[in-house]
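S.K.: Sharing a structure here in structure tokens format.
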Amino acid sequence: MASRKINEVRVSKILIHPIKSCRGTAVSEARYTTEGLENDRRWCVIDAKTNTIVTAREVPTMVLVTPHIKSDPSSPYGGQLVVTFPEESGCETFTVPLNPTADVRRKWKVIDRCSLFDEAFIDGYVCESLSSSPSSPSATMSQYFGRAVLLVMKGPKPRSCPPTHAYPELKRRPSSRCVFLDRTMIPVSTVSCSGWLPALLASEESLAHVAQRVRQAAQKSKGEEGWVGGLETQRWRTGQLAIERFRPNIVVVGAGEPFVEDMWREAVLGDPATASSARTLTLVSKCARCLLPNVDTQTGVRDAAVPYKVLMKFRTGKDPARLNKACFGCNAMFGGDGVVRVGDRISVKTWAGAGGV
């Protein structure tokens, strides 16, 4: 891996998370638009009383709920979203139409304002199953959550991407179709139910470096330099850190060094000499991390230290807008519509200035 050159970077994994904070699915290829990967975070779970979007930061066992896209070109709905639960939960699998028709949507309840982080507001439809199941999708979700929640599909109102330090004009304005930074031009994007921006890119080299730091911390005793409070030393001396914890969409490998992606401004899927603007990924900011990656995606248990406390030891001060936050991965925007595949070459078209994206 370390011997590879920068022009040999390739896509090693593609992850889609249909329902926000639920389990992601690895796919070999995915369509994308300026809003991100097709069907990524298109659905969310909201509190039935407050209309607040629920995340795995609040309910860690959400990561054990598995949504799966089952495409069917012969269906008037293009297929189904199939949602399964851990066997011990007693919750039954249910399906909802992937692309409900206008006639179907007219029968669904509309939520005008689902709130996210007390800052963003999203409209949506409360999903219903087309089968004769005695339990609705929201009732099954409520059974799993142990409280009243609703399964919501993002509605048609565009949700603007917030500005970043490098792109202060990113937020959509009625008269704007593009945003400029020096010589870089990107289409104005909207976003579905994801945290802030359409896509997240991370590298295997960066993950390996964090995992190495975790193992090193597990060897330390209290009082020694590098000791991390709350870290389960026995587990993490040999434990594996999965990239799925960070919930990226595109994982790359081949740069040979960790966090090289911090310095990419524009990355192209394919040969930059021939690739269209739609094949361009513009990295608009580093991703400042919360505690969500501490949740083990296999057990639904939140770790007391890994990776958040380890990242705080060496990855703060990287994002000029959030200097006290630890960063891992980079937020990105696609330049148009296309398809990304595992194995696609990634070429750096433009490098960011000092400090990175």
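By order in the structure tokens, chains are A, B, ...; within a chain, residues start at 1; ligands start at 1, following the order shown.
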Any idea what's packed within 8 Å of range 25-32 of chain A, counting only C-alpha atoms, ignoring anything in its chain fewer than 2 positions away? Could you give it as a PDB file with all heavy atoms, in the first residue's frame?
M.R.:
ATOM      1  N   LYS A  13     -14.169   1.010  -1.553  1.00  0.00           N
ATOM      2  CA  LYS A  13     -15.464   0.657  -0.963  1.00  0.00           C
ATOM      3  C   LYS A  13     -16.445   1.800  -1.187  1.00  0.00           C
ATOM      4  O   LYS A  13     -16.059   2.975  -1.154  1.00  0.00           O
ATOM      5  CB  LYS A  13     -15.314   0.363   0.532  1.00  0.00           C
ATOM      6  CG  LYS A  13     -16.594  -0.072   1.227  1.00  0.00           C
ATOM      7  CD  LYS A  13     -16.342  -0.537   2.662  1.00  0.00           C
ATOM      8  CE  LYS A  13     -15.763  -1.935   2.696  1.00  0.00           C
ATOM      9  NZ  LYS A  13     -15.739  -2.490   4.082  1.00  0.00           N
ATOM     10  N   ILE A  14     -17.706   1.434  -1.434  1.00  0.00           N
ATOM     11  CA  ILE A  14     -18.795   2.406  -1.552  1.00  0.00           C
ATOM     12  C   ILE A  14     -19.867   1.997  -0.555  1.00  0.00           C
ATOM     13  O   ILE A  14     -20.292   0.840  -0.523  1.00  0.00           O
ATOM     14  CB  ILE A  14     -19.390   2.429  -2.979  1.00  0.00           C
ATOM     15  CG1 ILE A  14     -18.306   2.795  -4.007  1.00  0.00           C
ATOM     16  CG2 ILE A  14     -20.554   3.404  -3.067  1.00  0.00           C
ATOM     17  CD1 ILE A  14     -18.739   2.584  -5.448  1.00  0.00           C
ATOM     18  N   LEU A  15     -20.283   2.942   0.272  1.00  0.00           N
ATOM     19  CA  LEU A  15     -21.274   2.653   1.309  1.00  0.00           C
ATOM     20  C   LEU A  15     -22.478   3.582   1.163  1.00  0.00           C
ATOM     21  O   LEU A  15     -22.328   4.800   1.034  1.00  0.00           O
ATOM     22  CB  LEU A  15     -20.658   2.827   2.701  1.00  0.00           C
ATOM     23  CG  LEU A  15     -19.606   1.784   3.094  1.00  0.00           C
ATOM     24  CD1 LEU A  15     -18.766   2.288   4.248  1.00  0.00           C
ATOM     25  CD2 LEU A  15     -20.279   0.465   3.461  1.00  0.00           C
ATOM     26  N   ILE A  16     -23.661   2.980   1.187  1.00  0.00           N
ATOM     27  CA  ILE A  16     -24.912   3.731   1.153  1.00  0.00           C
ATOM     28  C   ILE A  16     -25.649   3.482   2.464  1.00  0.00           C
ATOM     29  O   ILE A  16     -25.743   2.349   2.932  1.00  0.00           O
ATOM     30  CB  ILE A  16     -25.785   3.311  -0.046  1.00  0.00           C
ATOM     31  CG1 ILE A  16     -25.085   3.684  -1.361  1.00  0.00           C
ATOM     32  CG2 ILE A  16     -27.161   3.958   0.012  1.00  0.00           C
ATOM     33  CD1 ILE A  16     -25.808   3.206  -2.594  1.00  0.00           C
ATOM     34  N   HIS A  17     -26.168   4.549   3.064  1.00  0.00           N
ATOM     35  CA  HIS A  17     -26.917   4.461   4.318  1.00  0.00           C
ATOM     36  C   HIS A  17     -28.327   4.973   4.039  1.00  0.00           C
ATOM     37  O   HIS A  17     -28.603   6.166   4.217  1.00  0.00           O
ATOM     38  CB  HIS A  17     -26.251   5.309   5.399  1.00  0.00           C
ATOM     39  CG  HIS A  17     -24.780   5.069   5.535  1.00  0.00           C
ATOM     40  ND1 HIS A  17     -23.840   5.691   4.732  1.00  0.00           N
ATOM     41  CD2 HIS A  17     -24.086   4.262   6.368  1.00  0.00           C
ATOM     42  CE1 HIS A  17     -22.635   5.276   5.075  1.00  0.00           C
ATOM     43  NE2 HIS A  17     -22.747   4.418   6.055  1.00  0.00           N
ATOM     44  N   ARG A  23     -27.821   1.004   9.699  1.00  0.00           N
ATOM     45  CA  ARG A  23     -26.669   0.322   9.115  1.00  0.00           C
ATOM     46  C   ARG A  23     -26.504   0.669   7.649  1.00  0.00           C
ATOM     47  O   ARG A  23     -27.474   0.801   6.897  1.00  0.00           O
ATOM     48  CB  ARG A  23     -26.824  -1.192   9.298  1.00  0.00           C
ATOM     49  CG  ARG A  23     -25.690  -2.015   8.705  1.00  0.00           C
ATOM     50  CD  ARG A  23     -25.726  -3.434   9.226  1.00  0.00           C
ATOM     51  NE  ARG A  23     -25.301  -3.499  10.624  1.00  0.00           N
ATOM     52  CZ  ARG A  23     -25.406  -4.601  11.378  1.00  0.00           C
ATOM     53  NH1 ARG A  23     -25.944  -5.693  10.888  1.00  0.00           N
ATOM     54  NH2 ARG A  23     -24.993  -4.584  12.635  1.00  0.00           N
ATOM     55  N   THR A  34     -25.717  15.697  -7.678  1.00  0.00           N
ATOM     56  CA  THR A  34     -25.119  16.723  -6.819  1.00  0.00           C
ATOM     57  C   THR A  34     -25.624  16.607  -5.380  1.00  0.00           C
ATOM     58  O   THR A  34     -25.048  17.215  -4.478  1.00  0.00           O
ATOM     59  CB  THR A  34     -25.408  18.132  -7.352  1.00  0.00           C
ATOM     60  OG1 THR A  34     -26.818  18.309  -7.490  1.00  0.00           O
ATOM     61  CG2 THR A  34     -24.727  18.348  -8.695  1.00  0.00           C
ATOM     62  N   GLU A  35     -26.691  15.835  -5.155  1.00  0.00           N
ATOM     63  CA  GLU A  35     -27.195  15.620  -3.790  1.00  0.00           C
ATOM     64  C   GLU A  35     -26.500  14.453  -3.098  1.00  0.00           C
ATOM     65  O   GLU A  35     -26.764  14.193  -1.929  1.00  0.00           O
ATOM     66  CB  GLU A  35     -28.706  15.378  -3.801  1.00  0.00           C
ATOM     67  CG  GLU A  35     -29.524  16.634  -3.994  1.00  0.00           C
ATOM     68  CD  GLU A  35     -30.971  16.452  -3.570  1.00  0.00           C
ATOM     69  OE1 GLU A  35     -31.412  15.293  -3.398  1.00  0.00           O
ATOM     70  OE2 GLU A  35     -31.659  17.468  -3.393  1.00  0.00           O
ATOM     71  N   GLY A  36     -25.620  13.741  -3.796  1.00  0.00           N
ATOM     72  CA  GLY A  36     -24.919  12.616  -3.200  1.00  0.00           C
ATOM     73  C   GLY A  36     -25.256  11.303  -3.865  1.00  0.00           C
ATOM     74  O   GLY A  36     -25.800  11.272  -4.980  1.00  0.00           O
ATOM     75  N   LEU A  37     -24.932  10.188  -3.200  1.00  0.00           N
ATOM     76  CA  LEU A  37     -25.219   8.876  -3.750  1.00  0.00           C
ATOM     77  C   LEU A  37     -26.721   8.617  -3.734  1.00  0.00           C
ATOM     78  O   LEU A  37     -27.430   9.005  -2.803  1.00  0.00           O
ATOM     79  CB  LEU A  37     -24.507   7.784  -2.942  1.00  0.00           C
ATOM     80  CG  LEU A  37     -22.981   7.826  -2.908  1.00  0.00           C
ATOM     81  CD1 LEU A  37     -22.445   6.594  -2.185  1.00  0.00           C
ATOM     82  CD2 LEU A  37     -22.384   7.924  -4.310  1.00  0.00           C
ATOM     83  N   GLU A  38     -27.191   7.939  -4.762  1.00  0.00           N
ATOM     84  CA  GLU A  38     -28.616   7.646  -4.874  1.00  0.00           C
ATOM     85  C   GLU A  38     -29.099   6.865  -3.647  1.00  0.00           C
ATOM     86  O   GLU A  38     -28.494   5.868  -3.255  1.00  0.00           O
ATOM     87  CB  GLU A  38     -28.883   6.836  -6.143  1.00  0.00           C
ATOM     88  CG  GLU A  38     -30.349   6.575  -6.410  1.00  0.00           C
ATOM     89  CD  GLU A  38     -30.557   5.817  -7.706  1.00  0.00           C
ATOM     90  OE1 GLU A  38     -29.836   4.822  -7.936  1.00  0.00           O
ATOM     91  OE2 GLU A  38     -31.444   6.200  -8.494  1.00  0.00           O
ATOM     92  N   PRO A  67     -31.431  -1.382   6.561  1.00  0.00           N
ATOM     93  CA  PRO A  67     -32.235  -1.085   5.375  1.00  0.00           C
ATOM     94  C   PRO A  67     -31.498  -1.554   4.114  1.00  0.00           C
ATOM     95  O   PRO A  67     -30.283  -1.378   4.001  1.00  0.00           O
ATOM     96  CB  PRO A  67     -32.370   0.433   5.416  1.00  0.00           C
ATOM     97  CG  PRO A  67     -31.222   0.918   6.258  1.00  0.00           C
ATOM     98  CD  PRO A  67     -30.630  -0.238   6.988  1.00  0.00           C
ATOM     99  N   HIS A  68     -32.237  -2.137   3.207  1.00  0.00           N
ATOM    100  CA  HIS A  68     -31.626  -2.666   1.983  1.00  0.00           C
ATOM    101  C   HIS A  68     -32.450  -2.230   0.786  1.00  0.00           C
ATOM    102  O   HIS A  68     -33.681  -2.352   0.790  1.00  0.00           O
ATOM    103  CB  HIS A  68     -31.558  -4.192   2.052  1.00  0.00           C
ATOM    104  CG  HIS A  68     -31.065  -4.845   0.798  1.00  0.00           C
ATOM    105  ND1 HIS A  68     -29.755  -4.731   0.364  1.00  0.00           N
ATOM    106  CD2 HIS A  68     -31.704  -5.592  -0.139  1.00  0.00           C
ATOM    107  CE1 HIS A  68     -29.614  -5.398  -0.764  1.00  0.00           C
ATOM    108  NE2 HIS A  68     -30.771  -5.923  -1.095  1.00  0.00           N
ATOM    109  N   PHE A 334     -20.371  16.241  -5.540  1.00  0.00           N
ATOM    110  CA  PHE A 334     -20.195  15.795  -6.920  1.00  0.00           C
ATOM    111  C   PHE A 334     -20.504  16.934  -7.886  1.00  0.00           C
ATOM    112  O   PHE A 334     -21.361  17.777  -7.618  1.00  0.00           O
ATOM    113  CB  PHE A 334     -21.123  14.614  -7.224  1.00  0.00           C
ATOM    114  CG  PHE A 334     -20.736  13.339  -6.534  1.00  0.00           C
ATOM    115  CD1 PHE A 334     -21.383  12.942  -5.377  1.00  0.00           C
ATOM    116  CD2 PHE A 334     -19.735  12.526  -7.052  1.00  0.00           C
ATOM    117  CE1 PHE A 334     -21.046  11.763  -4.742  1.00  0.00           C
ATOM    118  CE2 PHE A 334     -19.384  11.347  -6.420  1.00  0.00           C
ATOM    119  CZ  PHE A 334     -20.041  10.956  -5.260  1.00  0.00           C
ATOM    120  N   GLY A 336     -21.888  16.667 -10.827  1.00  0.00           N
ATOM    121  CA  GLY A 336     -23.029  16.396 -11.694  1.00  0.00           C
ATOM    122  C   GLY A 336     -23.559  15.008 -11.444  1.00  0.00           C
ATOM    123  O   GLY A 336     -23.436  14.473 -10.339  1.00  0.00           O
ATOM    124  N   ASP A 337     -24.143  14.403 -12.476  1.00  0.00           N
ATOM    125  CA  ASP A 337     -24.710  13.063 -12.364  1.00  0.00           C
ATOM    126  C   ASP A 337     -23.768  12.039 -12.979  1.00  0.00           C
ATOM    127  O   ASP A 337     -23.097  12.315 -13.987  1.00  0.00           O
ATOM    128  CB  ASP A 337     -26.059  12.989 -13.095  1.00  0.00           C
ATOM    129  CG  ASP A 337     -27.085  13.952 -12.521  1.00  0.00           C
ATOM    130  OD1 ASP A 337     -26.783  14.592 -11.498  1.00  0.00           O
ATOM    131  OD2 ASP A 337     -28.183  14.059 -13.101  1.00  0.00           O
ATOM    132  N   GLY A 338     -23.730  10.851 -12.374  1.00  0.00           N
ATOM    133  CA  GLY A 338     -22.885   9.799 -12.920  1.00  0.00           C
ATOM    134  C   GLY A 338     -22.967   8.532 -12.103  1.00  0.00           C
ATOM    135  O   GLY A 338     -23.886   8.338 -11.305  1.00  0.00           O
ATOM    136  N   VAL A 339     -21.988   7.664 -12.307  1.00  0.00           N
ATOM    137  CA  VAL A 339     -21.902   6.387 -11.591  1.00  0.00           C
ATOM    138  C   VAL A 339     -20.476   6.237 -11.069  1.00  0.00           C
ATOM    139  O   VAL A 339     -19.505   6.466 -11.808  1.00  0.00           O
ATOM    140  CB  VAL A 339     -22.255   5.193 -12.505  1.00  0.00           C
ATOM    141  CG1 VAL A 339     -22.078   3.873 -11.749  1.00  0.00           C
ATOM    142  CG2 VAL A 339     -23.681   5.316 -13.023  1.00  0.00           C
ATOM    143  N   VAL A 340     -20.339   5.871  -9.797  1.00  0.00           N
ATOM    144  CA  VAL A 340     -19.038   5.576  -9.217  1.00  0.00           C
ATOM    145  C   VAL A 340     -18.979   4.080  -8.942  1.00  0.00           C
ATOM    146  O   VAL A 340     -19.967   3.486  -8.512  1.00  0.00           O
ATOM    147  CB  VAL A 340     -18.788   6.393  -7.932  1.00  0.00           C
ATOM    148  CG1 VAL A 340     -19.866   6.145  -6.886  1.00  0.00           C
ATOM    149  CG2 VAL A 340     -17.412   6.108  -7.367  1.00  0.00           C
ATOM    150  N   ARG A 341     -17.817   3.479  -9.218  1.00  0.00           N
ATOM    151  CA  ARG A 341     -17.663   2.033  -9.067  1.00  0.00           C
ATOM    152  C   ARG A 341     -16.430   1.714  -8.222  1.00  0.00           C
ATOM    153  O   ARG A 341     -15.428   2.453  -8.264  1.00  0.00           O
ATOM    154  CB  ARG A 341     -17.530   1.360 -10.429  1.00  0.00           C
ATOM    155  CG  ARG A 341     -18.747   1.524 -11.339  1.00  0.00           C
ATOM    156  CD  ARG A 341     -18.515   0.893 -12.702  1.00  0.00           C
ATOM    157  NE  ARG A 341     -19.712   0.939 -13.521  1.00  0.00           N
ATOM    158  CZ  ARG A 341     -20.058   1.975 -14.293  1.00  0.00           C
ATOM    159  NH1 ARG A 341     -19.260   3.053 -14.352  1.00  0.00           N
ATOM    160  NH2 ARG A 341     -21.180   1.944 -15.006  1.00  0.00           N
ATOM    161  N   VAL A 342     -16.510   0.623  -7.472  1.00  0.00           N
ATOM    162  CA  VAL A 342     -15.328   0.124  -6.780  1.00  0.00           C
ATOM    163  C   VAL A 342     -14.273  -0.194  -7.833  1.00  0.00           C
ATOM    164  O   VAL A 342     -14.560  -0.832  -8.856  1.00  0.00           O
ATOM    165  CB  VAL A 342     -15.666  -1.131  -5.955  1.00  0.00           C
ATOM    166  CG1 VAL A 342     -14.397  -1.782  -5.429  1.00  0.00           C
ATOM    167  CG2 VAL A 342     -16.595  -0.774  -4.793  1.00  0.00           C
TER     168      VAL A 342
END
S.K.: Compile the contact shell of Val54 in chain A as a PyMOL selection string: residues with an atom at most 9 Å away, counting only C-alpha atoms, same-chain residues fewer than 4 positions apart removed.
M.R.: chain A and resi 20-21+44-47+58-59+116+149
S.K.: Please provide as a VMD selection string all residues within 10 Å of Leu201 in chain A, with the sequence filter that same-chain residues fewer than 6 positions apart are discarded (counting only C-alpha atoms).
M.R.: chain A and resid 11 14 246 to 252 261 to 262 281 283 286 to 287 328 to 333
S.K.: Going by DSSP on the backbone, which residues of range 34-236 of chain A come out as helix (DSSP H, G or I)? List them as an NGL selection string.
M.R.: :A and (60-64 or 87-89 or 102-105 or 137-145 or 204-218 or 233-236)
S.K.: Run DSSP on the backbone and tell me which residues of range 103-304 of chain A come out as strand (DSSP E); list them as JSON, numbers by chain.
M.R.: {"A": [110, 111, 112, 113, 114, 115, 116, 120, 121, 122, 123, 124, 125, 126, 149, 150, 151, 152, 153, 154, 178, 179, 180, 181, 184, 185, 186, 187, 199, 200, 201, 202, 203, 250, 251, 252, 253, 264, 265, 266, 267, 268, 269, 280, 281, 282, 283, 284, 285, 286, 287, 288]}
S.K.: Measuring between only C-alpha atoms, which one of A:Lys70, A:Lys349, A:Lys220, A:Arg42 shows the shortest distance to Thr274 in chain A?
M.R.: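 Nearest candidate to Thr274 in chain A out of A:Lys70, A:Lys349, A:Lys220, A:Arg42: A:Lys349.
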S.K.: Using only C-alpha atoms, which protein or nucleic acid residues come within 9 Å of Gly356 in chain A? Drop anything in the same chain fewer than 4 positions from it, and give the result as a PyMOL selection string.
M.R.: chain A and resi 261-265+285-286+318-319+351-352
S.K.: So that I can check the surroundings of Tyr77 in chain A, please list as an mmCIF file with N, CA and C atoms, in the first residue's frame every protein, DNA and RNA residue that reaches within 7 Å of it, counting only C-alpha atoms and ignoring chain neighbours fewer than 5 positions away.
M.R.:
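This went into out_11.cif:
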data_model
loop_
_atom_site.group_PDB
_atom_site.id
_atom_site.type_symbol
_atom_site.label_atom_id
_atom_site.label_comp_id
_atom_site.auth_asym_id
_atom_site.auth_seq_id
_atom_site.Cartn_x
_atom_site.Cartn_y
_atom_site.Cartn_z
ATOM 1 N N PRO A 97 -42.351 1.298 -0.580
ATOM 2 C CA PRO A 97 -41.987 1.527 -1.983
ATOM 3 C C PRO A 97 -40.769 2.443 -2.091
ATOM 4 N N LEU A 98 -39.893 2.100 -3.012
ATOM 5 C CA LEU A 98 -38.655 2.858 -3.177
ATOM 6 C C LEU A 98 -38.933 4.263 -3.707
ATOM 7 N N ASN A 99 -39.742 4.336 -4.748
ATOM 8 C CA ASN A 99 -40.101 5.623 -5.337
ATOM 9 C C ASN A 99 -41.623 5.690 -5.460
ATOM 10 N N PRO A 100 -42.311 5.998 -4.365
ATOM 11 C CA PRO A 100 -43.772 6.008 -4.400
ATOM 12 C C PRO A 100 -44.302 7.009 -5.415
ATOM 13 N N THR A 101 -45.348 6.617 -6.106
ATOM 14 C CA THR A 101 -45.947 7.496 -7.110
ATOM 15 C C THR A 101 -46.666 8.660 -6.422
#
S.K.: Might you pull out every residue within 12 Å of Arg105 in chain A, with only C-alpha atoms counted and same-chain residues fewer than 4 positions away left off, and present them as JSON, numbers by chain?
M.R.: {"A": [77, 96, 97, 98, 99, 100, 101, 109, 110, 124, 125, 126, 127, 128, 129, 130, 152, 153, 154, 155, 156]}
S.K.: Please produce an output containing N, CA, C and O atoms for each residue in the selection, written as a PDB file, in the first residue's frame.
M.R.:
ATOM      1  N   TYR A  77     -42.838   1.339  -8.727  1.00  0.00           N
ATOM      2  CA  TYR A  77     -42.113   2.094  -7.699  1.00  0.00           C
ATOM      3  C   TYR A  77     -40.601   1.908  -7.802  1.00  0.00           C
ATOM      4  O   TYR A  77     -39.865   2.421  -6.959  1.00  0.00           O
ATOM      5  N   VAL A  96     -41.208  -0.729   2.157  1.00  0.00           N
ATOM      6  CA  VAL A  96     -41.930   0.448   1.678  1.00  0.00           C
ATOM      7  C   VAL A  96     -41.512   0.679   0.236  1.00  0.00           C
ATOM      8  O   VAL A  96     -40.410   0.276  -0.179  1.00  0.00           O
ATOM      9  N   PRO A  97     -42.351   1.298  -0.580  1.00  0.00           N
ATOM     10  CA  PRO A  97     -41.987   1.527  -1.983  1.00  0.00           C
ATOM     11  C   PRO A  97     -40.769   2.443  -2.091  1.00  0.00           C
ATOM     12  O   PRO A  97     -40.644   3.421  -1.348  1.00  0.00           O
ATOM     13  N   LEU A  98     -39.893   2.100  -3.012  1.00  0.00           N
ATOM     14  CA  LEU A  98     -38.655   2.858  -3.177  1.00  0.00           C
ATOM     15  C   LEU A  98     -38.933   4.263  -3.707  1.00  0.00           C
ATOM     16  O   LEU A  98     -38.416   5.256  -3.184  1.00  0.00           O
ATOM     17  N   ASN A  99     -39.742   4.336  -4.748  1.00  0.00           N
ATOM     18  CA  ASN A  99     -40.101   5.623  -5.337  1.00  0.00           C
ATOM     19  C   ASN A  99     -41.623   5.690  -5.460  1.00  0.00           C
ATOM     20  O   ASN A  99     -42.178   5.449  -6.540  1.00  0.00           O
ATOM     21  N   PRO A 100     -42.311   5.998  -4.365  1.00  0.00           N
ATOM     22  CA  PRO A 100     -43.772   6.008  -4.400  1.00  0.00           C
ATOM     23  C   PRO A 100     -44.302   7.009  -5.415  1.00  0.00           C
ATOM     24  O   PRO A 100     -43.750   8.103  -5.575  1.00  0.00           O
ATOM     25  N   THR A 101     -45.348   6.617  -6.106  1.00  0.00           N
ATOM     26  CA  THR A 101     -45.947   7.496  -7.110  1.00  0.00           C
ATOM     27  C   THR A 101     -46.666   8.660  -6.422  1.00  0.00           C
ATOM     28  O   THR A 101     -46.898   8.654  -5.219  1.00  0.00           O
ATOM     29  N   LYS A 109     -49.061  10.952   5.219  1.00  0.00           N
ATOM     30  CA  LYS A 109     -49.007  12.164   6.023  1.00  0.00           C
ATOM     31  C   LYS A 109     -47.740  12.952   5.701  1.00  0.00           C
ATOM     32  O   LYS A 109     -46.669  12.383   5.535  1.00  0.00           O
ATOM     33  N   VAL A 110     -47.857  14.269   5.622  1.00  0.00           N
ATOM     34  CA  VAL A 110     -46.718  15.147   5.338  1.00  0.00           C
ATOM     35  C   VAL A 110     -46.259  15.824   6.629  1.00  0.00           C
ATOM     36  O   VAL A 110     -47.076  16.336   7.395  1.00  0.00           O
ATOM     37  N   GLY A 124     -40.950  15.958   4.872  1.00  0.00           N
ATOM     38  CA  GLY A 124     -40.957  14.528   4.560  1.00  0.00           C
ATOM     39  C   GLY A 124     -42.347  13.916   4.598  1.00  0.00           C
ATOM     40  O   GLY A 124     -43.318  14.536   5.049  1.00  0.00           O
ATOM     41  N   TYR A 125     -42.399  12.688   4.082  1.00  0.00           N
ATOM     42  CA  TYR A 125     -43.629  11.897   4.081  1.00  0.00           C
ATOM     43  C   TYR A 125     -43.483  10.758   5.086  1.00  0.00           C
ATOM     44  O   TYR A 125     -42.447  10.083   5.123  1.00  0.00           O
ATOM     45  N   VAL A 126     -44.524  10.517   5.872  1.00  0.00           N
ATOM     46  CA  VAL A 126     -44.516   9.368   6.772  1.00  0.00           C
ATOM     47  C   VAL A 126     -44.792   8.124   5.941  1.00  0.00           C
ATOM     48  O   VAL A 126     -45.853   7.993   5.314  1.00  0.00           O
ATOM     49  N   CYS A 127     -43.827   7.211   5.912  1.00  0.00           N
ATOM     50  CA  CYS A 127     -43.896   6.046   5.026  1.00  0.00           C
ATOM     51  C   CYS A 127     -44.965   5.053   5.465  1.00  0.00           C
ATOM     52  O   CYS A 127     -45.158   4.810   6.658  1.00  0.00           O
ATOM     53  N   GLU A 128     -45.622   4.480   4.487  1.00  0.00           N
ATOM     54  CA  GLU A 128     -46.583   3.398   4.714  1.00  0.00           C
ATOM     55  C   GLU A 128     -46.220   2.219   3.821  1.00  0.00           C
ATOM     56  O   GLU A 128     -45.656   2.397   2.746  1.00  0.00           O
ATOM     57  N   SER A 129     -46.542   1.035   4.280  1.00  0.00           N
ATOM     58  CA  SER A 129     -46.309  -0.167   3.489  1.00  0.00           C
ATOM     59  C   SER A 129     -47.460  -0.367   2.519  1.00  0.00           C
ATOM     60  O   SER A 129     -48.598   0.029   2.796  1.00  0.00           O
ATOM     61  N   LEU A 130     -47.170  -0.971   1.380  1.00  0.00           N
ATOM     62  CA  LEU A 130     -48.221  -1.269   0.413  1.00  0.00           C
ATOM     63  C   LEU A 130     -48.853  -2.635   0.670  1.00  0.00           C
ATOM     64  O   LEU A 130     -49.831  -3.013   0.033  1.00  0.00           O
ATOM     65  N   VAL A 152     -39.707   8.427   8.019  1.00  0.00           N
ATOM     66  CA  VAL A 152     -40.013   9.520   7.102  1.00  0.00           C
ATOM     67  C   VAL A 152     -39.101   9.466   5.881  1.00  0.00           C
ATOM     68  O   VAL A 152     -37.893   9.229   6.005  1.00  0.00           O
ATOM     69  N   MET A 153     -39.698   9.680   4.705  1.00  0.00           N
ATOM     70  CA  MET A 153     -38.931   9.824   3.468  1.00  0.00           C
ATOM     71  C   MET A 153     -38.815  11.301   3.138  1.00  0.00           C
ATOM     72  O   MET A 153     -39.797  12.045   3.231  1.00  0.00           O
ATOM     73  N   LYS A 154     -37.616  11.745   2.775  1.00  0.00           N
ATOM     74  CA  LYS A 154     -37.381  13.168   2.458  1.00  0.00           C
ATOM     75  C   LYS A 154     -38.368  13.647   1.402  1.00  0.00           C
ATOM     76  O   LYS A 154     -38.611  12.986   0.399  1.00  0.00           O
ATOM     77  N   GLY A 155     -38.956  14.815   1.658  1.00  0.00           N
ATOM     78  CA  GLY A 155     -39.898  15.420   0.735  1.00  0.00           C
ATOM     79  C   GLY A 155     -39.227  16.233  -0.357  1.00  0.00           C
ATOM     80  O   GLY A 155     -37.998  16.265  -0.469  1.00  0.00           O
ATOM     81  N   PRO A 156     -40.018  16.959  -1.173  1.00  0.00           N
ATOM     82  CA  PRO A 156     -39.470  17.618  -2.364  1.00  0.00           C
ATOM     83  C   PRO A 156     -38.794  18.961  -2.112  1.00  0.00           C
ATOM     84  O   PRO A 156     -38.083  19.461  -2.989  1.00  0.00           O
TER      85      PRO A 156
END
